[in-house]
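Asker: Input structure: structure.csv, which contains CSV, C-alpha atoms and all ligand atoms.
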chain,number,residue,atom,x,y,z
A,1,MET,CA,-15.9,90.7,18.7
A,2,THR,CA,-17.7,89.8,15.5
A,3,THR,CA,-17.7,88.9,12.0
A,4,THR,CA,-18.6,91.8,9.7
A,5,ASP,CA,-20.6,89.7,7.3
A,6,THR,CA,-23.4,92.0,6.0
A,7,THR,CA,-24.8,89.5,3.5
A,8,THR,CA,-25.3,86.3,5.5
A,9,PRO,CA,-29.0,85.8,6.0
A,10,ALA,CA,-30.1,86.9,9.5
A,11,ALA,CA,-30.3,84.2,12.1
A,12,GLU,CA,-33.7,85.7,13.0
A,13,ALA,CA,-34.8,88.4,10.7
A,14,PRO,CA,-36.1,91.5,12.5
A,15,PRO,CA,-39.9,91.2,12.6
A,16,ARG,CA,-42.0,93.5,10.6
A,17,GLY,CA,-44.5,95.0,13.0
A,18,GLY,CA,-43.9,94.1,16.7
A,19,GLU,CA,-44.0,95.8,20.1
A,20,ILE,CA,-41.9,98.9,19.0
A,21,VAL,CA,-42.3,100.1,15.5
A,22,CYS,CA,-40.5,103.2,14.1
A,23,GLU,CA,-40.6,103.9,10.4
A,24,ASP,CA,-38.9,106.9,8.9
A,25,VAL,CA,-39.0,108.8,12.2
A,26,VAL,CA,-37.8,112.4,12.0
A,27,ARG,CA,-37.2,114.7,14.9
A,28,ILE,CA,-36.1,118.3,14.2
A,29,PHE,CA,-35.3,120.7,17.0
A,30,SER,CA,-35.2,124.4,16.3
A,31,ALA,CA,-33.1,126.5,18.6
A,32,ASP,CA,-32.2,130.2,17.8
A,33,GLY,CA,-33.4,129.8,14.2
A,34,ILE,CA,-31.1,126.8,13.7
A,35,GLU,CA,-32.6,123.4,12.9
A,36,VAL,CA,-31.0,120.3,14.3
A,37,GLN,CA,-32.1,117.0,12.7
A,38,ALA,CA,-31.7,114.7,15.7
A,39,LEU,CA,-33.5,111.8,14.0
A,40,GLN,CA,-33.3,111.6,10.2
A,41,GLY,CA,-35.6,108.8,9.1
A,42,LEU,CA,-34.9,106.2,11.7
A,43,ASN,CA,-36.3,102.7,11.3
A,44,LEU,CA,-36.5,100.2,14.2
A,45,HIS,CA,-38.7,97.1,14.8
A,46,VAL,CA,-38.5,95.3,18.2
A,47,ALA,CA,-40.5,92.1,18.8
A,48,ALA,CA,-42.5,91.7,22.1
A,49,GLY,CA,-40.3,90.2,24.8
A,50,ASP,CA,-37.0,91.1,23.1
A,51,LEU,CA,-34.0,92.6,24.9
A,52,VAL,CA,-32.3,95.2,22.7
A,53,ALA,CA,-29.4,97.6,23.3
A,54,ILE,CA,-29.1,100.9,21.4
A,55,VAL,CA,-25.5,102.2,21.0
A,56,GLY,CA,-24.0,105.1,19.1
A,57,ALA,CA,-21.8,108.1,19.4
A,58,SER,CA,-22.7,111.2,21.5
A,59,GLY,CA,-25.3,113.3,19.6
A,60,SER,CA,-26.4,110.4,17.3
A,61,GLY,CA,-30.0,110.6,18.6
A,62,LYS,CA,-30.3,107.8,21.2
A,63,SER,CA,-31.9,109.9,23.9
A,64,THR,CA,-34.2,111.6,21.4
A,65,LEU,CA,-35.5,108.2,20.3
A,66,LEU,CA,-36.0,107.1,23.9
A,67,THR,CA,-37.8,110.3,24.9
A,68,ILE,CA,-40.2,109.8,22.0
A,69,LEU,CA,-40.8,106.1,22.9
A,70,SER,CA,-41.5,107.2,26.5
A,71,GLY,CA,-44.2,109.5,25.4
A,72,LEU,CA,-42.4,112.7,26.7
A,73,ASP,CA,-41.8,114.0,23.1
A,74,THR,CA,-43.5,113.6,19.7
A,75,PRO,CA,-41.7,113.0,16.4
A,76,THR,CA,-41.8,115.7,13.7
A,77,ALA,CA,-42.7,113.1,11.0
A,78,GLY,CA,-42.8,109.4,10.4
A,79,LYS,CA,-44.6,106.5,12.2
A,80,ALA,CA,-44.0,105.4,15.7
A,81,SER,CA,-46.0,103.0,17.8
A,82,VAL,CA,-45.5,101.0,21.0
A,83,ALA,CA,-47.8,98.1,21.9
A,84,GLY,CA,-50.3,99.3,19.3
A,85,THR,CA,-50.4,102.9,20.6
A,86,ASP,CA,-49.7,105.5,17.9
A,87,LEU,CA,-47.2,108.0,19.4
A,88,LEU,CA,-47.9,110.7,16.9
A,89,THR,CA,-51.7,111.0,17.5
A,90,MET,CA,-51.6,110.3,21.3
A,91,ARG,CA,-53.1,113.2,23.3
A,92,GLY,CA,-54.0,114.3,26.9
A,93,ARG,CA,-55.4,111.4,29.0
A,94,ALA,CA,-54.2,108.8,26.6
A,95,ARG,CA,-50.6,110.1,27.1
A,96,VAL,CA,-50.8,109.9,30.9
A,97,ASN,CA,-52.2,106.4,30.7
A,98,TYR,CA,-49.5,105.4,28.2
A,99,GLN,CA,-46.7,106.7,30.5
A,100,ARG,CA,-48.3,105.0,33.6
A,101,HIS,CA,-49.1,101.6,32.1
A,102,THR,CA,-47.5,100.9,28.8
A,103,VAL,CA,-43.9,102.1,29.4
A,104,GLY,CA,-41.5,102.2,32.4
A,105,PHE,CA,-38.4,104.4,32.3
A,106,VAL,CA,-35.0,104.3,34.0
A,107,TRP,CA,-32.8,107.4,33.7
A,108,GLN,CA,-29.0,107.7,33.9
A,109,GLN,CA,-29.0,109.9,37.0
A,110,THR,CA,-29.7,107.7,40.0
A,111,SER,CA,-31.1,110.7,41.8
A,112,ARG,CA,-33.7,111.2,39.1
A,113,ASN,CA,-35.3,107.8,39.4
A,114,LEU,CA,-36.2,107.7,43.1
A,115,LEU,CA,-37.9,110.1,45.5
A,116,PRO,CA,-35.2,110.8,48.2
A,117,TYR,CA,-37.6,111.0,51.2
A,118,LEU,CA,-39.2,107.6,50.5
A,119,THR,CA,-37.8,104.1,51.2
A,120,ALA,CA,-37.2,101.6,48.4
A,121,LEU,CA,-40.5,99.9,49.2
A,122,GLU,CA,-42.4,103.2,49.3
A,123,ASN,CA,-40.8,104.2,46.0
A,124,VAL,CA,-41.9,101.0,44.3
A,125,CYS,CA,-45.5,101.3,45.8
A,126,LEU,CA,-45.8,104.9,44.5
A,127,PRO,CA,-46.6,104.2,40.8
A,128,MET,CA,-49.0,101.5,41.8
A,129,SER,CA,-50.8,103.9,44.2
A,130,LEU,CA,-51.1,106.4,41.4
A,131,ALA,CA,-52.7,103.7,39.3
A,132,GLY,CA,-55.0,102.6,42.2
A,133,THR,CA,-53.4,99.2,42.5
A,134,ALA,CA,-50.9,99.5,45.4
A,135,SER,CA,-49.7,96.1,46.7
A,136,VAL,CA,-47.0,95.7,49.3
A,137,PRO,CA,-46.5,91.9,48.5
A,138,HIS,CA,-46.0,92.8,44.8
A,139,ALA,CA,-43.5,95.5,45.6
A,140,GLU,CA,-41.6,93.1,47.9
A,141,HIS,CA,-41.7,90.4,45.1
A,142,LEU,CA,-40.1,93.0,42.7
A,143,LEU,CA,-37.4,94.0,45.2
A,144,ARG,CA,-36.6,90.3,45.7
A,145,LEU,CA,-36.5,89.6,41.9
A,146,LEU,CA,-34.0,92.5,41.5
A,147,GLY,CA,-31.9,91.3,44.5
A,148,VAL,CA,-32.4,94.4,46.6
A,149,GLU,CA,-34.9,93.1,49.3
A,150,HIS,CA,-32.3,94.1,51.9
A,151,CYS,CA,-32.9,97.8,50.8
A,152,ARG,CA,-36.6,97.5,51.5
A,153,ASP,CA,-36.7,100.1,54.3
A,154,ARG,CA,-33.7,102.2,53.2
A,155,LYS,CA,-33.9,105.7,51.6
A,156,PRO,CA,-31.8,106.3,48.4
A,157,THR,CA,-28.9,108.0,50.3
A,158,GLU,CA,-28.5,104.7,52.3
A,159,MET,CA,-28.1,102.6,49.1
A,160,SER,CA,-25.1,102.2,46.6
A,161,GLY,CA,-25.5,103.5,43.0
A,162,GLY,CA,-26.1,100.0,41.7
A,163,GLU,CA,-28.7,99.3,44.4
A,164,GLN,CA,-30.5,102.6,43.6
A,165,GLN,CA,-30.6,101.6,39.9
A,166,ARG,CA,-32.0,98.2,40.7
A,167,VAL,CA,-34.7,99.7,42.9
A,168,ALA,CA,-35.3,102.2,40.0
A,169,ILE,CA,-35.9,99.2,37.7
A,170,ALA,CA,-38.4,97.8,40.2
A,171,VAL,CA,-40.2,101.2,40.2
A,172,ALA,CA,-40.2,101.2,36.4
A,173,VAL,CA,-41.8,97.8,36.1
A,174,ALA,CA,-44.2,98.2,39.1
A,175,ASN,CA,-47.3,98.7,36.9
A,176,SER,CA,-46.3,95.8,34.6
A,177,PRO,CA,-45.5,97.9,31.6
A,178,LYS,CA,-45.2,96.3,28.1
A,179,VAL,CA,-41.9,98.0,27.5
A,180,LEU,CA,-39.0,99.0,29.8
A,181,LEU,CA,-36.8,101.9,28.5
A,182,ALA,CA,-33.5,102.8,30.0
A,183,ASP,CA,-31.3,105.7,29.0
A,184,GLU,CA,-27.7,105.0,30.1
A,185,PRO,CA,-28.8,103.2,33.3
A,186,THR,CA,-25.1,102.3,34.0
A,187,GLY,CA,-23.6,105.7,33.0
A,188,GLU,CA,-22.8,106.6,36.6
A,189,LEU,CA,-21.7,103.2,37.7
A,190,ASP,CA,-18.3,101.4,37.7
A,191,GLU,CA,-17.7,98.4,35.4
A,192,ALA,CA,-18.6,95.6,37.9
A,193,THR,CA,-21.8,97.4,39.1
A,194,SER,CA,-22.7,98.1,35.4
A,195,VAL,CA,-22.5,94.3,34.7
A,196,GLU,CA,-24.8,93.6,37.7
A,197,VAL,CA,-27.4,96.2,36.5
A,198,LEU,CA,-27.3,94.8,32.9
A,199,GLU,CA,-27.8,91.3,34.2
A,200,THR,CA,-30.7,92.6,36.3
A,201,MET,CA,-32.3,94.0,33.2
A,202,ARG,CA,-31.9,90.6,31.6
A,203,ALA,CA,-33.5,88.9,34.6
A,204,VAL,CA,-36.5,91.3,34.4
A,205,ASN,CA,-36.8,90.6,30.7
A,206,ALA,CA,-36.8,86.8,31.2
A,207,GLU,CA,-38.9,86.7,34.4
A,208,LEU,CA,-41.6,89.3,33.5
A,209,GLY,CA,-41.5,89.0,29.7
A,210,VAL,CA,-41.3,92.8,29.4
A,211,THR,CA,-39.7,94.1,26.2
A,212,VAL,CA,-36.5,96.0,27.2
A,213,LEU,CA,-34.6,98.7,25.2
A,214,ILE,CA,-31.4,100.0,26.8
A,215,VAL,CA,-29.4,102.9,25.5
A,216,THR,CA,-25.7,102.7,26.6
A,217,HIS,CA,-22.2,103.7,25.8
A,218,ASP,CA,-21.0,100.5,27.4
A,219,PRO,CA,-19.1,98.7,24.7
A,220,THR,CA,-19.5,95.3,26.4
A,221,VAL,CA,-23.3,95.6,26.4
A,222,SER,CA,-23.7,93.3,23.3
A,223,GLU,CA,-22.5,90.5,25.6
A,224,HIS,CA,-25.6,90.9,27.7
A,225,VAL,CA,-28.3,91.2,25.0
A,226,ARG,CA,-29.4,89.3,22.0
A,227,ARG,CA,-29.5,92.3,19.7
A,228,THR,CA,-27.5,95.5,19.6
A,229,VAL,CA,-28.6,98.3,17.3
A,230,GLN,CA,-26.2,101.0,16.3
A,231,ILE,CA,-27.5,104.5,15.6
A,232,ARG,CA,-25.4,106.8,13.3
A,233,ASP,CA,-26.5,110.3,12.5
A,234,GLY,CA,-30.1,109.8,13.5
A,235,ARG,CA,-30.6,106.5,11.7
A,236,THR,CA,-30.2,102.8,12.6
A,237,SER,CA,-27.1,101.7,10.7
A,238,THR,CA,-25.9,98.3,11.9
A,239,GLU,CA,-27.0,95.5,14.2
A,240,VAL,CA,-25.1,92.8,16.1
A,241,LEU,CA,-27.1,89.6,16.7
A,242,ARG,CA,-25.9,87.1,19.2
A,243,ARG,CA,-27.0,83.5,19.2
A,244,ARG,CA,-25.8,80.3,21.0
A,245,GLU,CA,-24.6,77.2,19.1
A,246,THR,CA,-23.3,73.9,20.3
A,247,ASP,CA,-20.1,72.8,18.6
A,248,GLU,CA,-19.0,69.2,17.7
A,249,HIS,CA,-17.5,68.8,21.2
A,250,GLY,CA,-20.8,69.7,22.9
A,251,GLN,CA,-19.4,73.1,24.0
A,252,GLU,CA,-21.8,76.0,23.9
A,253,GLN,CA,-20.4,78.9,21.7
A,254,HIS,CA,-21.7,82.5,21.5
A,255,ILE,CA,-21.8,83.7,18.0
A,256,ALA,CA,-22.0,87.4,17.2
A,257,GLU,CA,-22.7,88.6,13.7
A,258,GLU,CA,-22.9,92.1,12.4
A,259,PHE,CA,-25.5,93.1,9.9
A,260,ALA,CA,-26.2,96.3,8.0
A,261,VAL,CA,-29.8,97.6,8.5
A,262,LEU,CA,-31.9,97.7,5.3
A,263,ASP,CA,-35.0,100.0,5.4
A,264,LYS,CA,-38.2,99.2,3.6
A,265,VAL,CA,-37.3,100.9,0.4
A,266,GLY,CA,-33.9,99.2,0.3
A,267,ARG,CA,-31.6,101.9,1.7
A,268,MET,CA,-28.6,101.0,3.9
A,269,GLN,CA,-25.5,102.7,5.3
A,270,LEU,CA,-22.1,101.3,4.3
A,271,PRO,CA,-19.7,101.2,7.3
A,272,HIS,CA,-17.2,104.1,7.4
A,273,ASP,CA,-14.3,101.7,7.2
A,274,PHE,CA,-15.6,100.1,4.0
A,275,VAL,CA,-16.1,103.5,2.5
A,276,ASP,CA,-12.6,104.6,3.5
A,277,ALA,CA,-10.9,101.4,2.4
A,278,LEU,CA,-12.2,101.6,-1.2
A,279,GLU,CA,-12.4,105.4,-1.3
A,280,LEU,CA,-16.1,105.3,-2.2
A,281,LYS,CA,-17.5,108.7,-3.0
A,282,GLN,CA,-20.9,110.0,-4.2
A,283,ARG,CA,-21.7,107.1,-6.5
A,284,VAL,CA,-21.0,103.3,-6.5
A,285,ARG,CA,-21.7,100.6,-9.1
A,286,LEU,CA,-24.0,97.8,-7.9
A,287,ALA,CA,-24.0,94.3,-9.3
A,288,LEU,CA,-26.5,91.6,-8.5
A,289,GLU,CA,-24.7,88.2,-8.1
A,290,PRO,CA,-26.4,84.9,-7.3
A,291,ASP,CA,-25.8,85.2,-3.5
A,292,HIS,CA,-24.7,88.7,-2.9
A,293,VAL,CA,-24.6,92.3,-4.1
A,294,GLY,CA,-21.3,93.7,-5.3
A,295,VAL,CA,-20.5,97.3,-4.5
A,296,TRP,CA,-17.9,98.9,-6.8
A,297,ARG,CA,-16.0,102.2,-6.7
A,298,ASP,CA,-17.1,104.6,-9.5
A,299,THR,CA,-14.0,104.9,-11.7
A,300,THR,CA,-15.7,107.1,-14.4
A,301,ASP,CA,-13.6,110.1,-13.5
A,302,ASP,CA,-10.3,108.3,-12.9
A,303,PRO,CA,-7.4,109.1,-15.3
A,304,LYS,CA,-7.3,106.4,-18.0
A,305,PRO,CA,-4.0,105.0,-19.5
A,306,THR,CA,-3.2,106.2,-23.0
A,307,ASP,CA,-1.6,104.2,-25.8
A,308,GLN,CA,1.8,105.4,-24.5
A,309,GLY,CA,0.9,104.2,-21.1
A,310,GLU,CA,0.4,107.7,-19.7
A,311,ALA,CA,-2.6,108.8,-17.8
A,312,ALA,CA,-5.2,110.5,-20.0
A,313,PRO,CA,-7.0,113.6,-18.7
A,314,SER,CA,-9.9,112.8,-16.4
A,315,GLY,CA,-13.1,111.6,-18.2
A,316,ALA,CA,-11.3,110.8,-21.5
A,317,SER,CA,-11.2,107.3,-23.0
A,318,ASN,CA,-9.1,105.6,-25.7
A,319,ASP,CA,-12.0,104.7,-27.9
A,320,GLY,CA,-14.2,107.6,-27.2
A,321,SER,CA,-16.5,105.7,-24.8
A,322,ASP,CA,-16.0,104.7,-21.2
A,323,ASP,CA,-16.7,101.0,-21.8
A,324,ALA,CA,-13.2,100.2,-20.6
A,325,ASN,CA,-14.5,101.2,-17.2
A,326,ARG,CA,-17.5,98.9,-17.4
A,327,ALA,CA,-16.0,95.5,-17.3
A,328,GLU,CA,-18.5,92.8,-16.3
A,329,PRO,CA,-18.6,93.0,-12.5
A,330,SER,CA,-17.9,89.3,-12.2
A,331,GLU,CA,-14.6,89.9,-14.1
A,332,ARG,CA,-13.5,92.5,-11.5
A,333,PRO,CA,-11.5,91.7,-8.5
A,334,GLU,CA,-13.9,91.4,-5.6
A,335,PRO,CA,-13.6,94.4,-3.3
A,336,GLU,CA,-12.6,93.3,0.2
A,337,GLY,CA,-15.4,93.8,2.7
A,338,THR,CA,-18.4,93.8,0.4
A,339,ARG,CA,-19.1,90.1,0.8
F,401,LIG,N1,-34.2,119.9,23.0
F,401,LIG,C1,-33.2,120.0,22.1
F,401,LIG,N2,-33.1,121.2,21.4
F,401,LIG,C2,-32.1,121.3,20.4
F,401,LIG,N3,-31.3,120.3,20.0
F,401,LIG,C3,-31.5,119.1,20.7
F,401,LIG,C4,-32.4,118.9,21.7
F,401,LIG,N4,-32.3,117.6,22.2
F,401,LIG,C5,-31.3,117.1,21.5
F,401,LIG,N5,-30.8,117.9,20.6
F,401,LIG,C6,-29.7,117.6,19.6
F,401,LIG,O1,-30.1,116.5,18.9
F,401,LIG,C7,-29.0,115.6,18.6
F,401,LIG,C8,-29.2,114.3,19.2
F,401,LIG,O2,-29.2,114.4,20.7
F,401,LIG,P1,-29.4,113.2,21.7
F,401,LIG,O3,-29.5,113.8,23.0
F,401,LIG,O4,-30.5,112.4,21.2
F,401,LIG,O5,-28.0,112.4,21.5
F,401,LIG,P2,-27.5,111.1,22.2
F,401,LIG,O6,-27.2,110.1,21.2
F,401,LIG,O7,-28.4,110.7,23.3
F,401,LIG,O8,-26.1,111.7,22.8
F,401,LIG,P3,-25.4,111.3,24.2
F,401,LIG,O9,-24.7,110.0,24.0
F,401,LIG,O10,-24.4,112.4,24.4
F,401,LIG,O11,-26.4,111.3,25.3
F,401,LIG,C9,-27.8,116.4,19.2
F,401,LIG,O12,-27.2,117.1,18.1
F,401,LIG,C10,-28.4,117.4,20.2
F,401,LIG,O13,-27.6,118.5,20.3
F,402,MG,MG,-28.3,110.7,25.5
As a first step, turn the structure in this file into structure tokens.
Ligand SMILES: Nc1ncnc2c1ncn2[C@@H]1O[C@H](COP(=O)(O)OP(=O)(O)OP(=O)(O)O)[C@@H](O)[C@H]1O
Ligand SMILES: [Mg+2]

Answerer:
Amino acid sequence: MTTTDTTTPAAEAPPRGGEIVCEDVVRIFSADGIEVQALQGLNLHVAAGDLVAIVGASGSGKSTLLTILSGLDTPTAGKASVAGTDLLTMRGRARVNYQRHTVGFVWQQTSRNLLPYLTALENVCLPMSLAGTASVPHAEHLLRLLGVEHCRDRKPTEMSGGEQQRVAIAVAVANSPKVLLADEPTGELDEATSVEVLETMRAVNAELGVTVLIVTHDPTVSEHVRRTVQIRDGRTSTEVLRRRETDEHGQEQHIAEEFAVLDKVGRMQLPHDFVDALELKQRVRLALEPDHVGVWRDTTDDPKPTDQGEAAPSGASNDGSDDANRAEPSERPEPEGTR
């Protein structure tokens, strides 16, 4: 799928600031006296108009993040803002206005997105009516844009799962929100229908300029979006950026590169497979090289060879110091996977 180059400069560095800004976001749930840290200092910046997928294992904190961004929940600590609205200090009327005008939401359960007793057109008109701006032509335009104009007068039970999700997207963008959030919008759909819905998200992003954040388990999602952010243990850990390049034969190529996410104080997570491959534990040595940073296993406690060629007890050294372990980093073999 990708190269795993974590040191190549980003094709487009993530913007500081932007439409969605999360800095050191923490969300702790308390249930029966037990605390669960769903988000553990999560950092995410998304530029206006971007289309970003969030992926990660079950329980990694994806839905917690989306629920906070949708204004339905508040972080325990940190900074979070969407389109300039501070999500930690937002209260009462401001919260209602935020949910009505700034964000649109699509849930995984098709039945949760649409009212069963209204037609597709009536469902799309409903949020506009609540905002006092109902417009049938605008609702019809959105149904056309999403390729479901044929469902105009059908109720949800008369539509397929994919059609229901596309109508749900029309409902979510009816009040022209700045940001569209979708939590597993393809979770109940088969593969082909999932592709259709993801492509519809892309069309909405391109046509309406709305910033889109999609949470998904779908491993193929990175083929449909420019940027895929992986959450691990409540933090953003890696990102895959896709760009197009034209090769020497004039053929367009899609290049996908994986990057480690660096927070503003310089912290990053090493991928599990790098850690396992080099048996990295607790401490590592770092070395600044002209064009990269070397990460070395800490060998301080490794048995050292004696004069007789036998391993000395852990921590001992021939000359009474551990300098033998501190060869210049540039003289060491370069660990695979750290470049
Ligand atoms: N209301 C809650 N009360 C207690 N714990 C919660 C609550 N909501 C989420 N959690 C816990 O927070 C962690 C993150 O949950 P979250 O729903 O964000 O994960 P997720 O990445 O969306 O997982 P999935 O892919 O299964 O949907 C989990 O350990 C979960 O059990
Ligand atoms: Mg979830």

Asker: Could you tell me which of A:Ala206, A:Ile231, A:Asn123, A:Val21 comes closest to ligand MG 402 (chain F) if we count all atoms listed in the file?

Answerer: A:Ile231

Asker: Which residues form the shell of 12 Å around ligand MG 402 (chain F) when you count all atoms listed in the file, given as a list in words?

Answerer: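 Answer in the requested format: Ala38, Ile54, Val55, Gly56, Ala57, Ser58, Gly59, Ser60, Gly61, Lys62, Ser63, Thr64, Leu65, Leu66, Thr67, Trp107, Gln108, Gln109, Ala182, Asp183, Glu184, Pro185, Gly187, Ile214, Val215, Thr216, His217 and Ile231 of chain A.
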
Asker: Select, from A:Ser81, A:Ser129, A:Thr211, A:Thr119, the residue with the minimum atom-to-atom distance to Asn43 in chain A, counting all atoms listed in the file.

Answerer: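 Using all atoms listed in the file, Asn43 in chain A sits closest to A:Ser81.
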
Asker: Tell me, as a list of chain:residue names, which residues lie within 7 Å of Val295 in chain A, counting all atoms listed in the file; anything in the same chain fewer than 4 positions away does not count.

Answerer: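 Close residues of Val295 in chain A: A:Val284, A:Arg285, A:Leu286, A:Ala287, A:Thr338.
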
Asker: Quick one: pull the distance between CA of Ala47 in chain A and CA of Val261 in chain A, Å, one decimal.

Answerer: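 Computing the Euclidean distance for CA of Ala47 in chain A and CA of Val261 in chain A yields 15.8 Å.
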
Asker: Select, from A:Leu262, A:Ala53, A:Val225, A:Ile20, the residue with the minimum atom-to-atom distance to Gly84 in chain A, counting only C-alpha atoms.

Answerer: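 Of the candidates, the smallest distance to Gly84 in chain A is held by A:Ile20.
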
Asker: Would you mind reading off the distance between CA of Val293 in chain A and CA of Val26 in chain A, one decimal, in Å?

Answerer: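 Pair CA of Val293 in chain A / CA of Val26 in chain A returns 28.9 Å.
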